[in-house]
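Student: Sharing protein-v3.txt here; it has compact mmCIF, C-alpha atoms.
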# COMPACT_ATOMS: atom_id res chain seq x y z
CA MET B 1 -26.82 1.16 2.84
CA PRO B 2 -24.73 4.32 2.94
CA THR B 3 -24.51 6.25 -0.28
CA GLY B 4 -21.40 8.26 0.51
CA PRO B 5 -18.11 8.46 -1.33
CA ARG B 6 -16.57 5.30 -2.75
CA PRO B 7 -12.99 4.25 -2.07
CA CYS B 8 -10.43 4.54 -4.86
CA ASP B 9 -7.29 2.45 -5.27
CA VAL B 10 -4.00 4.17 -4.39
CA THR B 11 -0.34 3.31 -3.95
CA PHE B 12 2.32 4.93 -1.80
CA ARG B 13 5.88 4.12 -0.81
CA ASN B 14 7.86 3.43 2.32
CA GLY B 15 11.43 3.50 1.05
CA GLU B 16 11.78 0.64 -1.44
CA VAL B 17 8.40 -0.90 -0.56
CA THR B 18 5.29 0.03 -2.55
CA LEU B 19 2.04 -0.39 -0.64
CA ALA B 20 -1.45 -0.46 -2.15
CA GLY B 21 -4.67 0.57 -0.49
CA SER B 22 -8.08 2.16 -0.65
CA LEU B 23 -8.66 5.86 -0.05
CA THR B 24 -11.99 7.54 0.61
CA VAL B 25 -12.14 11.32 0.88
CA PRO B 26 -15.58 12.83 1.58
CA ASP B 27 -16.70 15.63 -0.71
CA ARG B 28 -18.38 17.95 1.76
CA GLY B 29 -16.46 21.13 1.08
CA GLY B 30 -13.58 22.12 3.29
CA GLU B 31 -11.04 19.74 4.68
CA ALA B 32 -11.82 16.49 6.46
CA ALA B 33 -10.13 14.85 9.41
CA GLY B 34 -8.59 11.52 8.49
CA VAL B 35 -7.70 8.07 9.73
CA VAL B 36 -5.27 5.39 8.57
CA MET B 37 -6.58 1.91 9.34
CA VAL B 38 -3.84 -0.63 10.12
CA GLY B 39 -4.78 -4.32 9.96
CA GLY B 40 -3.98 -7.23 12.19
CA SER B 41 -1.54 -10.11 12.16
CA GLY B 42 -0.88 -12.47 9.29
CA PRO B 43 -1.56 -11.62 5.65
CA SER B 44 -3.91 -8.72 6.38
CA ASP B 45 -5.36 -6.87 3.40
CA ARG B 46 -6.92 -3.41 3.23
CA ASP B 47 -10.24 -4.86 4.37
CA ASN B 48 -8.67 -6.80 7.28
CA ASP B 49 -10.80 -9.74 6.12
CA ILE B 50 -14.34 -8.34 6.53
CA TYR B 51 -13.71 -6.11 9.54
CA PHE B 52 -12.74 -2.76 7.98
CA PRO B 53 -15.37 -2.11 5.26
CA PRO B 54 -18.28 -1.26 7.58
CA ILE B 55 -16.05 0.92 9.77
CA ARG B 56 -14.62 2.63 6.68
CA ARG B 57 -18.14 3.30 5.35
CA HIS B 58 -19.32 4.67 8.68
CA LEU B 59 -16.33 7.00 9.00
CA ALA B 60 -16.60 8.22 5.40
CA ASP B 61 -20.33 8.85 5.83
CA ALA B 62 -19.47 10.89 8.93
CA GLY B 63 -17.10 13.04 6.84
CA VAL B 64 -13.77 11.41 7.75
CA ALA B 65 -11.16 10.60 5.10
CA VAL B 66 -10.07 6.96 5.38
CA LEU B 67 -7.01 5.12 4.09
CA SER B 68 -6.54 1.39 4.60
CA TYR B 69 -3.83 -0.64 2.91
CA ASP B 70 -2.61 -4.13 2.14
CA LYS B 71 0.19 -5.36 4.39
CA ARG B 72 3.52 -6.06 2.67
CA GLY B 73 3.20 -8.94 0.18
CA VAL B 74 -0.60 -8.99 0.36
CA GLY B 75 -3.01 -7.83 -2.36
CA GLY B 76 -1.34 -5.08 -4.37
CA SER B 77 1.51 -4.41 -1.92
CA PHE B 78 5.11 -5.49 -2.46
CA GLY B 79 7.47 -7.01 0.08
CA ASP B 80 6.82 -9.81 2.56
CA TRP B 81 5.06 -9.29 5.88
CA ARG B 82 6.79 -12.40 7.27
CA ASP B 83 10.17 -10.64 7.00
CA ALA B 84 8.92 -7.36 8.48
CA THR B 85 9.49 -6.26 12.06
CA ILE B 86 6.98 -4.24 14.06
CA GLY B 87 9.28 -1.29 13.34
CA ASP B 88 9.02 -1.94 9.59
CA LEU B 89 5.24 -2.15 9.81
CA ALA B 90 5.16 1.04 11.91
CA ALA B 91 7.19 2.77 9.19
CA ASP B 92 4.59 1.56 6.66
CA ALA B 93 1.83 3.05 8.83
CA ALA B 94 3.80 6.31 9.09
CA ALA B 95 4.18 6.40 5.29
CA ALA B 96 0.40 5.87 4.98
CA LEU B 97 -0.14 8.71 7.47
CA ASP B 98 2.06 11.07 5.44
CA PHE B 99 0.34 10.01 2.21
CA LEU B 100 -3.13 10.71 3.62
CA ARG B 101 -2.06 14.04 5.10
CA ALA B 102 -0.86 15.18 1.66
CA ARG B 103 -4.19 14.48 -0.09
CA PRO B 104 -6.36 17.39 -1.20
CA GLY B 105 -9.42 17.74 1.00
CA VAL B 106 -7.67 16.33 4.08
CA ARG B 107 -6.80 18.45 7.13
CA ALA B 108 -3.22 17.26 7.71
CA GLY B 109 -3.11 18.10 11.42
CA ALA B 110 -6.23 16.03 12.13
CA VAL B 111 -5.10 12.63 10.81
CA GLY B 112 -4.43 9.76 13.19
CA LEU B 113 -3.96 6.00 13.26
CA PHE B 114 -6.44 3.18 13.99
CA GLY B 115 -4.82 -0.19 14.66
CA HIS B 116 -6.72 -3.46 14.93
CA SER B 117 -5.23 -6.46 16.75
CA GLU B 118 -1.51 -6.57 15.80
CA GLY B 119 -2.14 -3.20 14.17
CA GLY B 120 -2.56 -1.87 17.71
CA TRP B 121 1.08 -2.68 18.41
CA VAL B 122 2.05 -1.17 15.05
CA VAL B 123 0.30 2.16 15.62
CA LEU B 124 1.71 2.42 19.14
CA ARG B 125 5.22 1.91 17.75
CA ALA B 126 4.55 4.53 15.07
CA ALA B 127 3.29 6.96 17.72
CA ALA B 128 6.40 6.38 19.84
CA VAL B 129 8.70 7.71 17.12
CA ARG B 130 6.58 10.65 15.92
CA ASP B 131 5.74 13.85 17.71
CA ASP B 132 3.11 14.99 15.19
CA LEU B 133 0.43 12.36 15.78
CA PRO B 134 -2.72 13.94 17.26
CA TRP B 135 -4.38 10.64 18.22
CA VAL B 136 -4.17 6.86 18.05
CA VAL B 137 -6.89 4.23 18.47
CA THR B 138 -6.06 0.65 19.38
CA ASN B 139 -8.86 -1.81 18.81
CA GLY B 140 -9.05 -5.49 19.70
CA CYS B 141 -5.41 -5.39 20.76
CA PRO B 142 -3.80 -8.67 21.73
CA GLY B 143 -3.15 -9.80 25.25
CA THR B 144 0.26 -11.12 24.24
CA THR B 145 3.47 -9.88 22.69
CA PRO B 146 3.71 -9.26 18.94
CA ALA B 147 6.20 -12.13 18.59
CA VAL B 148 3.87 -14.64 20.23
CA GLN B 149 0.89 -13.38 18.25
CA ASP B 150 2.50 -14.23 14.91
CA VAL B 151 3.53 -17.75 15.93
CA THR B 152 1.62 -20.30 13.85
CA PRO B 153 0.69 -23.52 15.71
The structure in this file should be written as structure tokens.
Tutor:
Amino acid sequence: MPTGPRPCDVTFRNGEVTLAGSLTVPDRGGEAAGVVMVGGSGPSDRDNDIYFPPIRRHLADAGVAVLSYDKRGVGGSFGDWRDATIGDLAADAAAALDFLRARPGVRAGAVGLFGHSEGGWVVLRAAAVRDDLPWVVTNGCPGTTPAVQDVTP
């Protein structure tokens, strides 16, 4: 098992919505690159079920600062993900990006977004409205539209 830095609980705001998450900043001297991990559809928490913890550990052990957060109305976050548009969720991801960039020990110009499943749509929307995003990763993105993805049978 990795023995690197442990995540700490944090909160940040997007307008009137307070979001809660986990932040890991490596202590290696100097400033680290960073990544905001954005979860998938439904009531996704900062761990995106069990998917994010091993990725978060691997990145932190490699010296990357990592922030993942609970979607609106999940875990420690306020609001309701069922009432949020992709634009609202992209604004949440952008707020997380700004929060991580402002942390001590993080190289602000080297922080990007990682979106899993529906989070892939979210990070692409966030990237479309920002000109300061150095990179975006979409992972396990859906083969359907965001509206169809959130339809419950």
Student: Using all atoms of region 18-26 of chain B that appear in the file, construct an axis-aligned enclosing box with 6 Å of padding on every side and provide its centre coordinates and edge lengths in Å, rounded to one decimal, as JSON.
Tutor:
{"center_x": -5.1, "center_y": 6.2, "center_z": -0.5, "size_x": 32.9, "size_y": 25.3, "size_z": 16.1}
Student: Could you check the closest approach to Asp88 (chain B) for each of B:Pro54, B:Arg125, B:Ala32, B:Gly140 and tell me which residue wins, using only C-alpha atoms?
Tutor: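 Counting only C-alpha atoms, the residue closest to Asp88 (chain B) is B:Arg125.
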Student: As JSON, numbers by chain, please: the residues near Arg56 (chain B) (cut-off 12 Å, only C-alpha atoms, same-chain neighbours under 2 positions excluded).
Tutor: {"B": [2, 4, 5, 6, 7, 22, 23, 24, 25, 26, 34, 35, 36, 37, 38, 46, 47, 48, 50, 51, 52, 53, 54, 58, 59, 60, 61, 62, 63, 64, 65, 66, 67, 68, 69, 114]}
Student: Need the shell around Ala91 (chain B): protein/DNA/RNA residues with any atom at most 9 Å away, counting all atoms listed in the file. Skip same-chain ones fewer than 4 positions apart. Format as a VMD selection string?
Tutor: chain B and resid 14 86 to 87 95 to 96 122 125 to 126
Student: In Å, how far is it from CA of Pro43 (chain B) to CA of Gly79 (chain B)?
Tutor: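 Straight-line distance from CA of Pro43 (chain B) to CA of Gly79 (chain B) works out to 11.6 Å.
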Student: Which value, in Å to one decimal, gives the distance between CA of Arg103 (chain B) and CA of Ala84 (chain B)?
Tutor: 26.9 Å
Student: Do you know which residues are at most 12 Å from Asp131 (chain B) counting all atoms listed in the file, after dropping those on the same chain fewer than 4 positions away, and could you put them as a count of residues only?
Tutor: 7
Student: One decimal, in Å: what's the spacing between CA of Ser44 (chain B) and CA of Leu100 (chain B)?
Tutor: 19.6 Å
Student: Return the single residue from B:Leu113, B:Leu124, B:Val106, B:Val17 that is closest to Phe78 (chain B), with distances computed using all atoms listed in the file.
Tutor: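 Residue with the minimum atom-to-atom distance to Phe78 (chain B): B:Val17.
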Student: List as a ChimeraX atom specification the protein and nucleic acid residues near Gly40 (chain B), meaning an atom at most 8 Å away when all atoms listed in the file are counted, but skip any in the same chain fewer than 4 places from it.
Tutor: /B:44,48,115-120
Student: Which is closer to Val74 (chain B) than all the others in B:Ala20, B:Ala128, B:Ala108, B:Leu97, using all atoms listed in the file?
Tutor: B:Ala20
Student: When you count all atoms listed in the file, which of these residues is closest to Val129 (chain B): B:Asp45, B:Gly29, B:Ala93, B:Gly21?
Tutor: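 Nearest candidate to Val129 (chain B) out of B:Asp45, B:Gly29, B:Ala93, B:Gly21: B:Ala93.
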